[in-house]
>>> print(open('upload34.cif').read())   # mmCIF, C-alpha atoms
data_protein
#
loop_
_atom_site.label_atom_id
_atom_site.label_comp_id
_atom_site.auth_asym_id
_atom_site.auth_seq_id
_atom_site.Cartn_x
_atom_site.Cartn_y
_atom_site.Cartn_z
CA MET T 1 -3.88 -19.04 -1.42
CA THR T 2 -0.69 -20.09 -2.54
CA HIS T 3 2.70 -19.97 -1.44
CA SER T 4 4.74 -17.21 -2.36
CA CYS T 5 6.54 -17.36 -5.43
CA THR T 6 9.19 -18.89 -3.63
CA ARG T 7 8.73 -22.18 -2.10
CA LEU T 8 11.03 -24.04 -4.39
CA ARG T 9 9.91 -27.63 -4.53
CA ARG T 10 7.94 -28.62 -1.48
CA GLY T 11 4.32 -27.82 -1.76
CA ALA T 12 2.35 -25.53 0.38
CA VAL T 13 0.11 -22.68 -0.01
CA THR T 14 0.74 -19.22 1.23
CA ALA T 15 -1.39 -16.67 -0.23
CA THR T 16 -2.91 -14.19 1.98
CA ALA T 17 -4.04 -10.90 1.66
CA VAL T 18 -3.38 -7.44 2.09
CA GLY T 19 -4.24 -5.68 5.22
CA ALA T 20 -5.32 -2.22 5.84
CA LEU T 21 -4.12 1.20 6.53
CA MET T 22 -3.93 2.06 10.13
CA THR T 23 -6.54 3.71 12.22
CA ALA T 24 -5.31 6.25 14.73
CA ALA T 25 -4.65 4.78 18.12
CA ALA T 26 -6.07 6.35 21.22
CA GLY T 27 -7.29 5.28 24.61
CA GLY T 28 -5.94 2.94 27.23
CA THR T 29 -3.17 0.43 26.85
CA ALA T 30 -3.22 -3.29 27.28
CA PRO T 31 -0.48 -5.13 29.13
CA ALA T 32 2.94 -5.09 27.54
CA ALA T 33 4.25 -8.31 26.07
CA THR T 34 5.65 -10.64 28.65
CA ALA T 35 8.89 -12.60 28.75
CA HIS T 36 10.27 -13.94 25.48
CA ALA T 37 8.38 -11.31 23.51
CA HIS T 38 9.78 -8.00 22.41
CA ALA T 39 6.92 -5.53 22.64
CA ALA T 40 6.52 -3.36 19.58
CA GLY T 41 4.91 -0.81 21.75
CA PRO T 42 1.91 -1.67 23.88
CA ALA T 43 -1.26 -3.02 22.39
CA VAL T 44 -3.74 -0.20 22.46
CA THR T 45 -7.47 0.02 22.34
CA THR T 46 -8.51 2.55 19.75
CA ALA T 47 -11.35 4.99 19.92
CA ALA T 48 -13.96 4.60 17.23
CA ALA T 49 -12.51 6.02 14.06
CA ALA T 50 -14.24 7.53 11.08
CA LYS T 51 -14.60 5.21 8.13
CA ALA T 52 -11.53 5.54 5.96
CA PRO T 53 -12.03 6.48 2.32
CA GLY T 54 -12.19 3.76 -0.24
CA SER T 55 -13.14 0.95 2.07
CA PRO T 56 -14.52 -2.06 0.18
CA SER T 57 -17.27 -2.19 2.82
CA PRO T 58 -19.55 0.70 1.77
CA SER T 59 -22.00 0.17 4.61
CA GLY T 60 -19.25 0.41 7.20
CA PRO T 61 -17.44 -2.21 9.27
CA THR T 62 -19.25 -4.95 11.13
CA ALA T 63 -17.88 -4.92 14.67
CA GLY T 64 -18.99 -8.51 15.27
CA ASP T 65 -16.56 -9.78 12.64
CA VAL T 66 -13.59 -8.94 14.88
CA ARG T 67 -13.31 -9.18 18.67
CA THR T 68 -12.34 -6.13 20.67
CA LEU T 69 -8.70 -6.36 21.69
CA THR T 70 -9.25 -6.23 25.43
CA PRO T 71 -6.41 -6.99 27.86
CA ALA T 72 -7.76 -10.54 28.15
CA VAL T 73 -7.76 -11.05 24.38
CA THR T 74 -4.28 -9.55 24.18
CA ARG T 75 -3.00 -12.03 26.77
CA GLN T 76 -4.65 -14.85 24.84
CA LEU T 77 -2.92 -13.73 21.65
CA ASP T 78 0.44 -13.50 23.41
CA ALA T 79 0.13 -17.03 24.77
CA THR T 80 -1.13 -18.48 21.50
CA VAL T 81 1.62 -16.94 19.36
CA ARG T 82 4.27 -18.21 21.75
CA LYS T 83 2.81 -21.71 21.73
CA VAL T 84 2.70 -21.86 17.92
CA MET T 85 6.30 -20.65 17.78
CA ASP T 86 7.45 -23.21 20.34
CA ASP T 87 5.60 -26.06 18.64
CA ALA T 88 6.85 -25.15 15.14
CA GLY T 89 10.36 -24.07 16.11
CA ILE T 90 9.92 -20.55 14.72
CA PRO T 91 12.92 -18.40 15.76
CA GLY T 92 11.26 -14.98 15.54
CA ALA T 93 7.93 -13.46 14.61
CA THR T 94 6.22 -10.10 14.46
CA VAL T 95 2.43 -9.90 14.49
CA GLY T 96 0.48 -6.72 13.79
CA LEU T 97 -3.30 -6.48 14.04
CA TRP T 98 -5.19 -3.23 13.47
CA THR T 99 -8.97 -2.97 13.84
CA HIS T 100 -11.60 -0.29 13.29
CA GLY T 101 -12.09 1.16 16.76
CA GLN T 102 -11.57 -2.11 18.61
CA GLY T 103 -7.88 -1.99 19.34
CA THR T 104 -4.40 -2.52 17.97
CA TYR T 105 -2.01 -5.34 18.72
CA VAL T 106 1.65 -5.18 17.68
CA ARG T 107 4.16 -7.63 19.15
CA SER T 108 7.53 -9.14 18.29
CA PHE T 109 8.53 -12.49 19.78
CA GLY T 110 11.69 -14.58 19.81
CA VAL T 111 15.00 -13.81 18.14
CA ALA T 112 15.99 -12.14 14.89
CA ASP T 113 19.36 -13.89 14.90
CA ARG T 114 20.16 -17.11 16.74
CA SER T 115 23.90 -16.45 16.64
CA ASP T 116 23.77 -13.46 18.97
CA GLY T 117 20.28 -13.70 20.49
CA ARG T 118 19.25 -10.33 19.04
CA ALA T 119 15.54 -9.86 19.68
CA MET T 120 12.99 -9.78 16.92
CA ALA T 121 11.59 -6.27 16.51
CA PRO T 122 8.82 -4.61 14.48
CA ASP T 123 11.17 -2.26 12.64
CA LEU T 124 13.29 -4.99 11.05
CA TYR T 125 13.38 -5.37 7.29
CA MET T 126 12.18 -8.74 5.99
CA ARG T 127 12.06 -10.45 2.63
CA ILE T 128 8.38 -10.73 1.66
CA GLY T 129 8.43 -13.28 -1.16
CA SER T 130 5.25 -13.54 -3.17
CA GLU T 131 3.71 -10.45 -1.67
CA THR T 132 5.80 -8.94 -4.46
CA LYS T 133 3.12 -10.19 -6.84
CA THR T 134 0.64 -7.68 -5.46
CA PHE T 135 3.01 -4.82 -6.32
CA THR T 136 3.76 -6.15 -9.81
CA VAL T 137 0.10 -6.58 -10.66
CA THR T 138 -0.75 -3.17 -9.20
CA ALA T 139 1.86 -1.63 -11.50
CA LEU T 140 0.31 -3.50 -14.42
CA LEU T 141 -3.17 -2.23 -13.54
CA LYS T 142 -1.86 1.33 -13.45
CA LEU T 143 -0.65 0.87 -17.02
CA VAL T 144 -4.08 -0.48 -17.94
CA ASP T 145 -5.71 2.60 -16.40
CA GLU T 146 -3.35 4.76 -18.45
CA GLY T 147 -4.24 2.93 -21.66
CA LYS T 148 -0.66 1.69 -22.20
CA VAL T 149 -1.55 -2.02 -22.02
CA GLY T 150 -4.76 -4.03 -22.01
CA LEU T 151 -5.60 -6.89 -19.69
CA ASP T 152 -6.82 -8.91 -22.65
CA ASP T 153 -3.70 -8.27 -24.73
CA PRO T 154 -1.77 -11.45 -25.60
CA ILE T 155 1.58 -11.77 -23.86
CA GLY T 156 3.19 -12.35 -27.25
CA ARG T 157 2.65 -8.67 -28.03
CA TYR T 158 5.25 -7.82 -25.38
CA VAL T 159 7.46 -10.90 -24.90
CA ASP T 160 8.75 -13.21 -27.64
CA GLY T 161 9.08 -16.96 -27.33
CA VAL T 162 6.22 -17.70 -24.93
CA PRO T 163 4.52 -21.04 -25.67
CA GLY T 164 0.97 -20.07 -26.68
CA GLY T 165 1.94 -16.43 -26.41
CA ASN T 166 -0.51 -15.42 -29.13
CA VAL T 167 -3.46 -16.52 -27.00
CA ILE T 168 -2.38 -16.24 -23.33
CA THR T 169 -3.57 -12.87 -22.03
CA LEU T 170 -2.15 -10.59 -19.37
CA ARG T 171 -5.36 -11.17 -17.40
CA GLU T 172 -4.74 -14.92 -17.41
CA LEU T 173 -1.17 -14.40 -16.25
CA ALA T 174 -2.24 -12.13 -13.37
CA GLY T 175 -5.04 -14.53 -12.41
CA MET T 176 -2.85 -17.67 -12.44
CA ARG T 177 -4.74 -19.27 -15.31
CA SER T 178 -2.14 -19.24 -18.08
CA GLY T 179 -1.44 -22.98 -17.99
CA LEU T 180 2.32 -22.34 -18.23
CA PHE T 181 4.90 -24.42 -16.40
CA ASN T 182 6.23 -22.97 -13.13
CA TYR T 183 10.00 -22.54 -13.50
CA THR T 184 10.59 -23.09 -9.79
CA GLU T 185 9.39 -26.67 -10.30
CA ASP T 186 12.15 -27.41 -12.81
CA PRO T 187 14.74 -29.79 -11.27
CA ASP T 188 17.67 -28.11 -13.02
CA PHE T 189 16.66 -24.71 -11.71
CA PHE T 190 16.35 -26.12 -8.21
CA ARG T 191 19.83 -27.68 -8.32
CA THR T 192 21.43 -24.63 -9.92
CA PHE T 193 19.98 -22.22 -7.38
CA LEU T 194 20.83 -24.28 -4.31
CA SER T 195 24.37 -24.99 -5.51
CA HIS T 196 25.12 -21.26 -5.39
CA PRO T 197 22.28 -19.27 -3.77
CA GLU T 198 24.25 -16.01 -3.98
CA ARG T 199 24.26 -16.09 -7.80
CA SER T 200 22.18 -13.76 -9.96
CA PHE T 201 19.55 -14.83 -12.49
CA THR T 202 18.11 -12.80 -15.34
CA PRO T 203 14.39 -12.91 -16.15
CA ARG T 204 15.14 -14.58 -19.47
CA GLN T 205 17.15 -17.29 -17.73
CA LEU T 206 14.19 -17.98 -15.45
CA LEU T 207 11.83 -18.20 -18.41
CA GLY T 208 14.24 -20.62 -20.07
CA TYR T 209 13.65 -23.12 -17.26
CA ALA T 210 9.89 -22.78 -17.73
CA PHE T 211 9.75 -22.90 -21.51
CA ARG T 212 11.70 -26.15 -21.80
CA HIS T 213 8.45 -27.71 -20.53
CA PRO T 214 5.19 -27.77 -22.50
CA PRO T 215 2.20 -25.89 -21.03
CA LEU T 216 0.34 -27.85 -18.39
CA ALA T 217 -3.11 -26.80 -19.58
CA PRO T 218 -4.83 -24.50 -22.08
CA PRO T 219 -5.00 -20.85 -21.00
CA GLY T 220 -8.11 -19.62 -19.22
CA GLY T 221 -8.78 -22.90 -17.50
CA GLU T 222 -8.13 -24.10 -13.97
CA PHE T 223 -6.21 -22.03 -11.44
CA SER T 224 -2.55 -23.04 -11.26
CA TYR T 225 -0.17 -20.96 -9.14
CA CYS T 226 2.84 -20.15 -11.30
CA ASN T 227 5.78 -17.82 -10.77
CA THR T 228 6.49 -17.82 -14.51
CA ASN T 229 3.39 -15.67 -14.96
CA LEU T 230 4.79 -12.86 -12.82
CA ILE T 231 8.21 -12.89 -14.49
CA LEU T 232 6.39 -12.33 -17.77
CA LEU T 233 4.36 -9.47 -16.29
CA GLY T 234 7.59 -7.88 -15.07
CA LEU T 235 8.86 -7.91 -18.63
CA VAL T 236 5.57 -6.35 -19.76
CA LEU T 237 6.17 -3.49 -17.33
CA GLU T 238 9.60 -2.91 -18.81
CA LYS T 239 8.43 -3.15 -22.42
CA ALA T 240 5.54 -0.74 -21.88
CA THR T 241 7.47 1.83 -19.83
CA GLY T 242 11.06 1.60 -21.01
CA VAL T 243 12.36 1.53 -17.42
CA PRO T 244 13.36 -1.31 -15.08
CA ALA T 245 10.36 -2.95 -13.41
CA GLY T 246 11.66 -2.18 -9.94
CA ASP T 247 12.05 1.51 -10.77
CA TYR T 248 8.53 1.73 -12.15
CA ILE T 249 7.08 0.04 -9.08
CA ARG T 250 9.02 2.35 -6.77
CA GLU T 251 8.02 5.56 -8.52
CA ASN T 252 4.40 4.71 -9.35
CA VAL T 253 3.29 2.43 -6.51
CA LEU T 254 5.55 2.73 -3.48
CA ALA T 255 6.16 6.48 -3.57
CA PRO T 256 2.48 7.48 -3.91
CA ALA T 257 1.63 5.18 -0.99
CA GLY T 258 4.38 6.69 1.17
CA MET T 259 6.10 3.34 1.53
CA ASP T 260 9.66 4.48 2.18
CA HIS T 261 10.81 1.20 3.70
CA THR T 262 9.91 -1.14 0.85
CA PHE T 263 12.47 -2.06 -1.78
CA PHE T 264 12.89 -3.97 -5.01
CA PRO T 265 16.50 -5.14 -4.72
CA SER T 266 18.69 -5.57 -7.78
CA ASP T 267 21.09 -7.91 -5.96
CA ALA T 268 21.54 -9.61 -2.59
CA ALA T 269 21.77 -6.30 -0.72
CA PHE T 270 19.60 -6.27 2.41
CA PRO T 271 19.11 -2.98 4.30
CA ALA T 272 19.80 -2.87 8.02
CA PRO T 273 18.42 -3.67 10.46
CA HIS T 274 17.13 -6.99 9.18
CA ALA T 275 16.46 -10.42 10.61
CA GLN T 276 18.53 -13.46 9.75
CA GLY T 277 16.56 -16.11 7.85
CA TYR T 278 16.60 -19.88 8.39
CA THR T 279 15.66 -22.56 5.85
CA ASP T 280 15.97 -26.27 5.22
CA GLN T 281 15.68 -25.75 1.46
CA THR T 282 19.39 -26.36 1.02
CA ALA T 283 21.71 -28.52 -1.05
CA SER T 284 22.77 -30.39 2.09
CA GLY T 285 19.33 -30.64 3.64
CA GLU T 286 20.70 -28.95 6.76
CA ILE T 287 19.29 -25.69 8.11
CA GLU T 288 21.22 -22.69 6.80
CA GLU T 289 21.17 -18.91 7.19
CA THR T 290 19.79 -17.07 4.16
CA ALA T 291 20.04 -13.31 4.68
CA GLY T 292 22.81 -13.16 2.06
CA TRP T 293 21.01 -15.22 -0.58
CA ASN T 294 20.25 -13.42 -3.82
CA PRO T 295 16.48 -13.07 -4.50
CA SER T 296 16.96 -12.31 -8.22
CA TRP T 297 15.62 -15.78 -8.97
CA ALA T 298 12.22 -14.56 -7.79
CA TRP T 299 12.38 -11.09 -9.44
CA THR T 300 8.86 -9.61 -9.97
CA ALA T 301 7.33 -12.76 -8.50
CA GLY T 302 8.99 -12.49 -5.09
CA ALA T 303 12.17 -10.46 -4.58
CA MET T 304 10.90 -7.49 -2.55
CA ILE T 305 11.81 -6.34 0.97
CA SER T 306 9.57 -4.46 3.41
CA ASN T 307 8.77 -3.96 7.08
CA LEU T 308 5.73 -4.03 9.35
CA ASP T 309 4.70 -0.38 9.04
CA ASP T 310 4.85 -0.35 5.25
CA LEU T 311 2.90 -3.59 4.95
CA HIS T 312 0.29 -2.09 7.25
CA ILE T 313 -0.07 0.73 4.71
CA TRP T 314 -0.05 -1.61 1.75
CA ALA T 315 -2.71 -3.93 3.10
CA ARG T 316 -5.57 -1.49 2.83
CA THR T 317 -4.14 0.21 -0.24
CA VAL T 318 -4.03 -2.94 -2.33
CA ALA T 319 -7.36 -4.21 -1.02
CA THR T 320 -9.20 -0.98 -1.82
CA GLY T 321 -7.21 0.63 -4.63
CA VAL T 322 -7.11 3.83 -2.55
CA LEU T 323 -3.96 5.57 -1.31
CA PRO T 324 -3.51 6.75 2.28
CA ASP T 325 -4.41 10.31 1.27
CA GLY T 326 -7.75 9.14 -0.09
CA THR T 327 -6.89 9.44 -3.78
CA GLU T 328 -7.22 6.53 -6.18
CA LEU T 329 -4.27 4.33 -6.97
CA ILE T 330 -6.37 2.11 -9.25
CA SER T 331 -9.68 3.10 -10.83
CA PRO T 332 -12.75 1.64 -9.08
CA ALA T 333 -13.81 -0.27 -12.20
CA LEU T 334 -10.43 -1.94 -12.53
CA GLN T 335 -10.15 -2.57 -8.79
CA LYS T 336 -13.50 -4.35 -8.99
CA GLN T 337 -12.07 -6.63 -11.66
CA ARG T 338 -9.02 -7.25 -9.51
CA LEU T 339 -11.15 -8.33 -6.56
CA THR T 340 -13.26 -10.75 -8.59
CA THR T 341 -11.80 -13.91 -7.08
CA PRO T 342 -12.99 -17.11 -8.78
CA PRO T 343 -12.59 -20.33 -6.80
CA THR T 344 -9.24 -22.07 -6.86
CA THR T 345 -8.15 -25.63 -6.29
CA ILE T 346 -7.67 -24.60 -2.63
CA PRO T 347 -10.85 -24.98 -0.53
CA GLY T 348 -12.12 -21.68 0.82
CA ALA T 349 -9.77 -19.58 -1.29
CA GLY T 350 -10.41 -17.50 -4.39
CA TYR T 351 -7.82 -15.72 -6.52
CA GLY T 352 -8.32 -12.54 -8.49
CA LEU T 353 -5.67 -10.48 -10.27
CA GLY T 354 -2.61 -11.05 -8.12
CA ILE T 355 -4.62 -11.24 -4.92
CA PHE T 356 -6.29 -13.88 -2.73
CA ASP T 357 -9.52 -14.04 -0.79
CA VAL T 358 -9.26 -16.61 2.01
CA GLN T 359 -12.39 -16.82 4.15
CA GLY T 360 -12.93 -13.09 3.62
CA TRP T 361 -9.33 -12.02 4.26
CA ILE T 362 -7.98 -10.30 1.13
CA GLY T 363 -4.31 -10.04 0.22
CA HIS T 364 -1.30 -12.27 -0.27
CA ASN T 365 1.40 -14.03 1.59
CA GLY T 366 4.97 -14.73 0.71
CA SER T 367 7.59 -17.37 1.27
CA LEU T 368 11.16 -17.76 0.15
CA PRO T 369 14.07 -19.52 1.80
CA GLY T 370 14.36 -18.19 5.34
CA TYR T 371 11.42 -15.76 5.38
CA GLU T 372 7.65 -15.74 5.30
CA SER T 373 5.06 -13.00 5.40
CA LEU T 374 1.32 -12.58 5.47
CA THR T 375 -0.53 -9.33 4.77
CA VAL T 376 -4.32 -9.53 4.75
CA TYR T 377 -7.30 -7.23 5.11
CA LEU T 378 -10.84 -8.09 6.24
CA PRO T 379 -13.11 -5.54 4.51
CA SER T 380 -16.22 -6.34 6.55
CA ALA T 381 -14.44 -5.22 9.73
CA GLN T 382 -11.79 -2.92 8.24
CA ALA T 383 -9.19 -5.02 10.02
CA THR T 384 -5.60 -5.68 8.99
CA LEU T 385 -3.30 -8.56 9.89
CA VAL T 386 0.43 -8.67 9.12
CA VAL T 387 2.66 -11.58 10.11
CA LEU T 388 6.44 -11.68 9.54
CA VAL T 389 8.64 -14.67 10.42
CA ASN T 390 12.30 -15.49 9.82
CA THR T 391 11.91 -19.09 8.71
CA ASP T 392 10.06 -20.98 5.98
CA ILE T 393 10.45 -24.40 7.56
CA SER T 394 7.08 -26.13 7.60
CA HIS T 395 5.58 -27.81 10.66
CA ASP T 396 3.38 -30.83 10.02
CA GLY T 397 3.06 -29.74 6.40
CA THR T 398 1.92 -26.19 7.15
CA GLU T 399 3.82 -22.96 6.63
CA PRO T 400 4.84 -20.87 9.66
CA SER T 401 2.96 -17.79 8.48
CA THR T 402 -0.19 -19.83 7.95
CA LEU T 403 0.12 -21.42 11.40
CA LEU T 404 0.29 -17.99 12.99
CA GLY T 405 -2.37 -16.47 10.75
CA GLU T 406 -4.79 -19.27 11.55
CA ALA T 407 -4.09 -19.13 15.28
CA VAL T 408 -4.57 -15.36 15.47
CA THR T 409 -7.75 -15.30 13.38
CA LYS T 410 -9.32 -18.13 15.36
CA ILE T 411 -9.15 -15.77 18.32
CA VAL T 412 -9.96 -12.39 16.78
CA SER T 413 -12.22 -13.32 13.84
CA PRO T 414 -13.66 -16.79 14.46
CA GLY T 415 -16.13 -16.32 11.61
CA HIS T 416 -13.23 -15.62 9.23
CA VAL T 417 -10.39 -18.01 10.00
CA PHE T 418 -7.38 -17.82 7.74
CA ASP T 419 -6.98 -21.56 7.22
CA LEU T 420 -4.93 -21.88 4.07
CA PRO T 421 -3.93 -25.54 3.69
CA ALA T 422 -0.62 -26.72 2.33
CA GLN T 423 -0.86 -28.06 -1.20
CA PRO T 424 2.04 -29.35 -3.28
CA ALA T 425 1.01 -27.57 -6.47
CA ALA T 426 0.68 -24.18 -4.90
CA ARG T 427 4.23 -23.38 -3.90
#
>>> encode(input="upload34.cif", output="structure tokens")
Amino acid sequence: MTHSCTRLRRGAVTATAVGALMTAAAGGTAPAATAHAHAAGPAVTTAAAAKAPGSPSPSGPTAGDVRTLTPAVTRQLDATVRKVMDDAGIPGATVGLWTHGQGTYVRSFGVADRSDGRAMAPDLYMRIGSETKTFTVTALLKLVDEGKVGLDDPIGRYVDGVPGGNVITLRELAGMRSGLFNYTEDPDFFRTFLSHPERSFTPRQLLGYAFRHPPLAPPGGEFSYCNTNLILLGLVLEKATGVPAGDYIRENVLAPAGMDHTFFPSDAAFPAPHAQGYTDQTASGEIEETAGWNPSWAWTAGAMISNLDDLHIWARTVATGVLPDGTELISPALQKQRLTTPPTTIPGAGYGLGIFDVQGWIGHNGSLPGYESLTVYLPSAQATLVVLVNTDISHDGTEPSTLLGEAVTKIVSPGHVFDLPAQPAAR
């Protein structure tokens, strides 16, 4: 996987995947979270649920791929999450795990704001960084289904001034194989952003930082995670529809999915209640609060805001192409293309059209200063994992969301461990 669009200069990988829609909870409860953890409601063991429509596992889930969330497993998860947070200095985290008939685990730990000790909670809004890419590419695929654009169209048909724009295709942009330079790696962009993180950038300004550099490789070649690709696809959305990209995503992706708590901000506005974010990606090198920073610099590559419940919905939706009501969001043929995930430069990870497959977990993660997220879905078990944290400060070279994702999956899905390594080129 790769980091969200947003890790500015330090390398690390954060892709993860999109988790599932929820199964109805029923049955007995596991112990509530203990001290230092804010329980998001008790973990519950679910009764066996009917197979949801559109699952990518046509033969049904394999129970052995995910452990039943017994009280003992729940206690193990509680202890493990706390230890990872203590070791890595993570202020606050929310972890949601939903399985097919084997239980649900939702917990918040630590603090949302160090200044007042306010507890982390599952209903808080969070910046989700590169998970935005899954929404942008979904919007693009809807336009493909409608015949308004083609995946093999050259980007030059929609956006002028792209180096190699007559040969780089929309498919190559969505699949991170355009060869273009990643604007977030430009030193001038880095300095400009950190000198005034509340400022606003336009998409064309972002592309200007990228296009001052020659392409790194011919299009269609090796995987290279690049935020420039998603800025270009955002402009394609606007060219093809005549409306702002955020409006199109809201009306054609979020609304059909019933995601009323997910937003594409046009400025630094951050709905309440939200967690404060903490980063060391600062001009001074000191840790700073980031809730007021403007995410326009990430635009259709990483500016979106969401919460736990909406990401739970989105996980299965993006992984299957099927909406919560059972209707298609993306046609099966196009969804199949999306989930074709050729190998990347990251061991154990493949990347399709705006989506990762890491050891069987499908989805994406996100990281931008002060916030990280992970939303992944395991089709073989119809299981969903969502992780939200209010820091992006790495620990021993690994991102906070990856640390938690790996720790949780080692317990609940030992045959499918989310072990995305940090890699400098993938931020």
>>> atom_distance(input="upload34.cif", atom1="atom CA of Ala275 of chain T", atom2="atom CA of Val137 of chain T")
27.1 Å
>>> closest_atom_pairs(input="upload34.cif", of="segment 322-374 of chain T", to="segment 90-101 of chain T", cutoff="12 Å", atoms="all atoms listed in the file", output="Markdown table")
| residue | atom | partner | partner_atom | distance |
| --- | --- | --- | --- | --- |
| T:Gly370 | CA | T:Pro91 | CA | 10.5 |
| T:Tyr371 | CA | T:Ala93 | CA | 10.1 |
| T:Glu372 | CA | T:Ala93 | CA | 9.6 |
| T:Ser373 | CA | T:Thr94 | CA | 9.6 |
| T:Leu374 | CA | T:Val95 | CA | 9.5 |
>>> atom_distance(input="upload34.cif", atom1="atom CA of Pro265 of chain T", atom2="atom CA of Ser306 of chain T")
10.7 Å
>>> residues_around(input="upload34.cif", residues="Val253 of chain T", least_positions_apart="3", cutoff="8 Å", atoms="only C-alpha atoms", output="PyMOL selection string")
chain T and resi 135+138-139+248-250+256-257+329
>>> resolve_selection(input="upload34.cif", expression="the PyMOL selection byres ((chain T and resi 291) around 6)", output="PDB file with C-alpha atoms, keeping the file's coordinate frame")
ATOM      1  CA  GLN T 276      18.530 -13.460   9.750  1.00  0.00           C
ATOM      2  CA  GLY T 277      16.560 -16.110   7.850  1.00  0.00           C
ATOM      3  CA  THR T 290      19.790 -17.070   4.160  1.00  0.00           C
ATOM      4  CA  GLY T 292      22.810 -13.160   2.060  1.00  0.00           C
ATOM      5  CA  TRP T 293      21.010 -15.220  -0.580  1.00  0.00           C
TER       6      TRP T 293
END
>>> resolve_selection(input="upload34.cif", expression="the PyMOL selection byres ((chain T and resi 195-211) around 8)", output="number ranges by chain")
T: 162-163, 180-184, 186, 188-189, 191-194, 212-214, 228, 231, 235, 267-268, 283, 292-297, 299
>>> axis_aligned_box(input="upload34.cif", around="segment 302-318 of chain T", padding_each_side="8 Å", output="lines of an AutoDock Vina configuration file")
center_x = 3.3
center_y = -5.9
center_z = 2.1
size_x = 33.7
size_y = 29.2
size_z = 30.4
>>> closest_residue(input="upload34.cif", among="T:Phe109, T:Gly103, T:Asn390, T:Ser284", to="Thr80 of chain T", atoms="only C-alpha atoms")
T:Phe109
>>> resolve_selection(input="upload34.cif", expression="the PyMOL selection byres ((chain T and resi 119) around 12)", output="JSON, numbers by chain")
{"T": [35, 36, 37, 38, 39, 40, 91, 92, 93, 94, 107, 108, 109, 110, 111, 112, 113, 114, 115, 116, 117, 118, 120, 121, 122, 123, 124, 273, 274, 275, 276, 390]}
>>> write_last_selection(input="upload34.cif", atoms="C-alpha atoms", output="PDB file, keeping the file's coordinate frame")
ATOM      1  CA  ALA T  35       8.890 -12.600  28.750  1.00  0.00           C
ATOM      2  CA  HIS T  36      10.270 -13.940  25.480  1.00  0.00           C
ATOM      3  CA  ALA T  37       8.380 -11.310  23.510  1.00  0.00           C
ATOM      4  CA  HIS T  38       9.780  -8.000  22.410  1.00  0.00           C
ATOM      5  CA  ALA T  39       6.920  -5.530  22.640  1.00  0.00           C
ATOM      6  CA  ALA T  40       6.520  -3.360  19.580  1.00  0.00           C
ATOM      7  CA  PRO T  91      12.920 -18.400  15.760  1.00  0.00           C
ATOM      8  CA  GLY T  92      11.260 -14.980  15.540  1.00  0.00           C
ATOM      9  CA  ALA T  93       7.930 -13.460  14.610  1.00  0.00           C
ATOM     10  CA  THR T  94       6.220 -10.100  14.460  1.00  0.00           C
ATOM     11  CA  ARG T 107       4.160  -7.630  19.150  1.00  0.00           C
ATOM     12  CA  SER T 108       7.530  -9.140  18.290  1.00  0.00           C
ATOM     13  CA  PHE T 109       8.530 -12.490  19.780  1.00  0.00           C
ATOM     14  CA  GLY T 110      11.690 -14.580  19.810  1.00  0.00           C
ATOM     15  CA  VAL T 111      15.000 -13.810  18.140  1.00  0.00           C
ATOM     16  CA  ALA T 112      15.990 -12.140  14.890  1.00  0.00           C
ATOM     17  CA  ASP T 113      19.360 -13.890  14.900  1.00  0.00           C
ATOM     18  CA  ARG T 114      20.160 -17.110  16.740  1.00  0.00           C
ATOM     19  CA  SER T 115      23.900 -16.450  16.640  1.00  0.00           C
ATOM     20  CA  ASP T 116      23.770 -13.460  18.970  1.00  0.00           C
ATOM     21  CA  GLY T 117      20.280 -13.700  20.490  1.00  0.00           C
ATOM     22  CA  ARG T 118      19.250 -10.330  19.040  1.00  0.00           C
ATOM     23  CA  MET T 120      12.990  -9.780  16.920  1.00  0.00           C
ATOM     24  CA  ALA T 121      11.590  -6.270  16.510  1.00  0.00           C
ATOM     25  CA  PRO T 122       8.820  -4.610  14.480  1.00  0.00           C
ATOM     26  CA  ASP T 123      11.170  -2.260  12.640  1.00  0.00           C
ATOM     27  CA  LEU T 124      13.290  -4.990  11.050  1.00  0.00           C
ATOM     28  CA  PRO T 273      18.420  -3.670  10.460  1.00  0.00           C
ATOM     29  CA  HIS T 274      17.130  -6.990   9.180  1.00  0.00           C
ATOM     30  CA  ALA T 275      16.460 -10.420  10.610  1.00  0.00           C
ATOM     31  CA  GLN T 276      18.530 -13.460   9.750  1.00  0.00           C
ATOM     32  CA  ASN T 390      12.300 -15.490   9.820  1.00  0.00           C
TER      33      ASN T 390
END
>>> closest_residue(input="upload34.cif", among="T:Tyr377, T:Tyr278, T:Phe223, T:Trp361", to="Gly415 of chain T", atoms="all atoms listed in the file")
T:Trp361
>>> residues_around(input="upload34.cif", residues="Pro219 of chain T", least_positions_apart="6", cutoff="12 Å", atoms="all atoms listed in the file", output="compact mmCIF listing (two decimals) with C-alpha atoms, in the frame of the given file")
# COMPACT_ATOMS: atom_id res chain seq x y z
CA PRO T 154 -1.77 -11.45 -25.60
CA ILE T 155 1.58 -11.77 -23.86
CA PRO T 163 4.52 -21.04 -25.67
CA GLY T 164 0.97 -20.07 -26.68
CA GLY T 165 1.94 -16.43 -26.41
CA ASN T 166 -0.51 -15.42 -29.13
CA VAL T 167 -3.46 -16.52 -27.00
CA ILE T 168 -2.38 -16.24 -23.33
CA THR T 169 -3.57 -12.87 -22.03
CA LEU T 170 -2.15 -10.59 -19.37
CA ARG T 171 -5.36 -11.17 -17.40
CA GLU T 172 -4.74 -14.92 -17.41
CA LEU T 173 -1.17 -14.40 -16.25
CA ALA T 174 -2.24 -12.13 -13.37
CA GLY T 175 -5.04 -14.53 -12.41
CA MET T 176 -2.85 -17.67 -12.44
CA ARG T 177 -4.74 -19.27 -15.31
CA SER T 178 -2.14 -19.24 -18.08
CA GLY T 179 -1.44 -22.98 -17.99
CA LEU T 180 2.32 -22.34 -18.23
CA PHE T 181 4.90 -24.42 -16.40
CA ASN T 229 3.39 -15.67 -14.96
